[in-house]
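Notes follow the structure.
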Amino acid sequence: MMRALPYWHVDAFADRPFAGNQAAVMPLEDWLDDATLLAIAEENNFAETAFVVRDKSGAADWELRWFTPTEEVRLCGHATLASGHVLLTRDGGDRVTFRTRKAGLLDVSRTDAGYELALPLIRTQPGEWAEAIALIGAPAQEVWLSPDRYGIYLFDSEDRVRALAPDLRGLRALGNDQFICTAPGRDTDVVSRVFVPGGGVDEDSFTGSAHAALTYFWTQRLGRDDFTAFQASRRGGHAICRRDGEKAVLSGSCVTVVEGSFYLP
């Protein structure tokens with residue numbers, strides 16, 4: 001016998017199909033065991049699969065967990081936005097709140113232009129990591145690091161960021177870090193590329209959690225509370241980033257590409 005689980009494939013931080021970052025969103029009646037959740041994420045083979053279950057604690061509307069094809073992660077922005085899109089489209093309403101295991105409460109709100117996603121602001125501070133810079137393949141002007149393994153590598157131009165060809169195998173050996181390479185943009189205030197080979201994602205298409213770190217970094221540098229951002233991956237993804245106290249608020253759109261069933265023995 002096969003059990004049918006609801007399944008959505010969403011392109012997040014995109015206003016058209018085949019752009020932004022892909023996520024699978026799967027609302028469940030109850031939690032499956034972790035090995036099965038990971039096997040489903042591996043089968044989907046997206047950067048993230050988001051699983052949601054009605055929150056029984058009363059603290060939020062849903063409990064949310066994220067899995068790459070290789071592991072569960074502590075925070076994922078684009079799959080949270082995708083989850084909000086699915087649930088608000090399916091159930092109606094203007095706001096949905098998620099309880100997570102390691103990132104606290106997150107919420108997605110509907111706006112006239114799409115959605116707003118509120119994430120914890122990720123603080124970084126100046127640091128050094130010569131081995132990482134050598135593997136990224138070009139000298140960064142500055143390096144800012146977080147103990148939660150987010151690293152920002154500042155370059156002087158968008159062209160320099162777009163031309164990066166990092167040693168992904170070497171970066172993978174350094175661990176499950178986000179290598180966030182950024183510069184001032186031409187058509188947007190900020191441009192970036194994000195590499196997470198240690199987490200099973202060589203280059204991410206659009207990374208919400210990286211922009212929670214970029215929001216802290218760039219609002220200080222720009223001297224204002226908001227900016228436009230483009231992640232210059234092959235698919236590309238756009239967001240407006242705003243600092244609101246200790247929150248990074250990311251505005252973007254989502255597009256449903258597939259809706260159907262995932263069949264589980």
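Naming works like this for the structure tokens: A, B, ... for the chains as they're shown, residue 1 at the start of each chain, ligands 1 onward in shown order.
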
Shell of 12 Å around Arg224 (chain A), only C-alpha atoms, local chain residues under 2 positions omitted, as JSON, numbers by chain: {"A": [189, 215, 216, 217, 218, 219, 220, 221, 222, 226, 227, 228, 241, 242, 243, 244]}

For Ala163 (chain A), list every protein, DNA or RNA residue within 10 Å, evaluated using only C-alpha atoms, and leave out those in the same chain fewer than 3 positions away; present the list as a PyMOL selection string. chain A and resi 137-138+158-160+166

CA of Ala24 (chain A) and CA of Glu71 (chain A) are how many Å apart?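 Computed distance, CA of Ala24 (chain A) to CA of Glu71 (chain A), equals 14.9 Å.
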
What's the separation between CA of Val255 (chain A) and CA of His78 (chain A), in Å to one decimal place?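 Result for CA of Val255 (chain A) versus CA of His78 (chain A): 12.0 Å, one decimal.
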
Would you list the contacts of region 7-15 of chain A as a ChimeraX atom specification, taking every protein, DNA or RNA residue within 8 Å and counting only C-alpha atoms, but skipping same-chain residues closer than 5 positions in sequence? /A:20-27,78-79,81-82,86,206,237-239,252-262

Backbone DSSP call of strand (DSSP E) for region 35-104 of chain A, listed as a ChimeraX atom specification: /A:48-54,62-67,72-73,95-99

Surrounding residues of Ala210 (chain A) excluding itself and chain neighbours under 3 positions, 9 Å, only C-alpha atoms, as a ChimeraX atom specification: /A:77,122,150-152,178-180,194,206-207,213-215

Gap from CA of Asn176 (chain A) to CA of Thr97 (chain A) - Å, one decimal: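 Interatomic distance here is 27.3 Å.
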
Which of region 86-213 of chain A end up as helix (DSSP H, G or I) when DSSP is run on this backbone - answer as a ChimeraX atom specification? /A:86-91,130-136,158-162,168-173,197-199,208-213

Could you give me, as a PyMOL selection string, the residues within 12 Å of Pro139 (chain A), counting only C-alpha atoms and dropping anything in the same chain fewer than 4 positions from it? chain A and resi 128-135+143+153-156+160-161+164+166+181

Go ahead and dump the residues you just picked, C-alpha atoms, as a PDB file, in the first residue's frame.
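Resulting contents of out-v2.pdb:
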```
ATOM      1  CA  GLU A 128      40.250  36.062   9.170  1.00  0.00           C
ATOM      2  CA  TRP A 129      40.111  32.724   7.354  1.00  0.00           C
ATOM      3  CA  ALA A 130      43.000  32.510   4.911  1.00  0.00           C
ATOM      4  CA  GLU A 131      42.244  28.916   3.945  1.00  0.00           C
ATOM      5  CA  ALA A 132      38.690  29.785   2.917  1.00  0.00           C
ATOM      6  CA  ILE A 133      39.808  32.813   0.908  1.00  0.00           C
ATOM      7  CA  ALA A 134      42.324  30.685  -0.985  1.00  0.00           C
ATOM      8  CA  LEU A 135      39.599  28.163  -1.869  1.00  0.00           C
ATOM      9  CA  VAL A 143      35.984  38.867   6.031  1.00  0.00           C
ATOM     10  CA  TYR A 153      33.476  37.808   2.042  1.00  0.00           C
ATOM     11  CA  LEU A 154      33.414  41.367   0.661  1.00  0.00           C
ATOM     12  CA  PHE A 155      34.651  42.103  -2.871  1.00  0.00           C
ATOM     13  CA  ASP A 156      35.065  45.388  -4.702  1.00  0.00           C
ATOM     14  CA  ARG A 160      34.472  40.020  -9.250  1.00  0.00           C
ATOM     15  CA  VAL A 161      31.670  38.152  -7.444  1.00  0.00           C
ATOM     16  CA  LEU A 164      34.329  33.497  -8.741  1.00  0.00           C
ATOM     17  CA  PRO A 166      35.663  28.367  -5.951  1.00  0.00           C
ATOM     18  CA  CYS A 181      30.462  36.430  -1.319  1.00  0.00           C
TER      19      CYS A 181
END
```

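Residue nearest Leu117 (chain A) within the list A:Gly84, A:Trp62, A:Val53, A:Glu48: A:Gly84 [criterion: smallest interatomic distance, only C-alpha atoms].
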
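Non-sequential neighbours of Ser109 (chain A) (distance at most 7 Å, separation of 3 or more positions within a chain, only C-alpha atoms) are Asp94, Arg95, Val96, Tyr115, Glu116 and Leu117 of chain A.
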
Please, could you write that set of residues out with N, CA, C and O atoms as a JSON list (two decimals), in the first residue's frame?
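Printed below is result-v6.json as written:
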```json
[["chain", "number", "residue", "atom", "x", "y", "z"],
["A", 94, "ASP", "N", -3.67, 36.33, 6.04],
["A", 94, "ASP", "CA", -2.62, 37.29, 5.68],
["A", 94, "ASP", "C", -1.30, 37.02, 6.39],
["A", 94, "ASP", "O", -0.30, 37.65, 6.08],
["A", 95, "ARG", "N", -1.29, 36.08, 7.37],
["A", 95, "ARG", "CA", -0.05, 35.85, 8.12],
["A", 95, "ARG", "C", -0.06, 34.44, 8.68],
["A", 95, "ARG", "O", -1.10, 33.94, 9.12],
["A", 96, "VAL", "N", 1.10, 33.81, 8.67],
["A", 96, "VAL", "CA", 1.24, 32.48, 9.26],
["A", 96, "VAL", "C", 2.53, 32.46, 10.07],
["A", 96, "VAL", "O", 3.54, 33.05, 9.67],
["A", 115, "TYR", "N", 5.27, 38.71, -0.38],
["A", 115, "TYR", "CA", 5.31, 38.28, 1.01],
["A", 115, "TYR", "C", 6.48, 38.96, 1.73],
["A", 115, "TYR", "O", 7.47, 39.37, 1.10],
["A", 116, "GLU", "N", 6.36, 39.04, 3.05],
["A", 116, "GLU", "CA", 7.47, 39.43, 3.91],
["A", 116, "GLU", "C", 7.80, 38.27, 4.83],
["A", 116, "GLU", "O", 6.91, 37.66, 5.43],
["A", 117, "LEU", "N", 9.08, 37.99, 4.96],
["A", 117, "LEU", "CA", 9.59, 36.94, 5.83],
["A", 117, "LEU", "C", 10.47, 37.58, 6.89],
["A", 117, "LEU", "O", 11.43, 38.29, 6.56]]
```

Among the residues A:Leu121, A:Met2, A:Leu106, A:Ala59, the one that comes closest to Lys247 (chain A) [using only C-alpha atoms]: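 Result for the nearest residue to Lys247 (chain A): A:Leu121.
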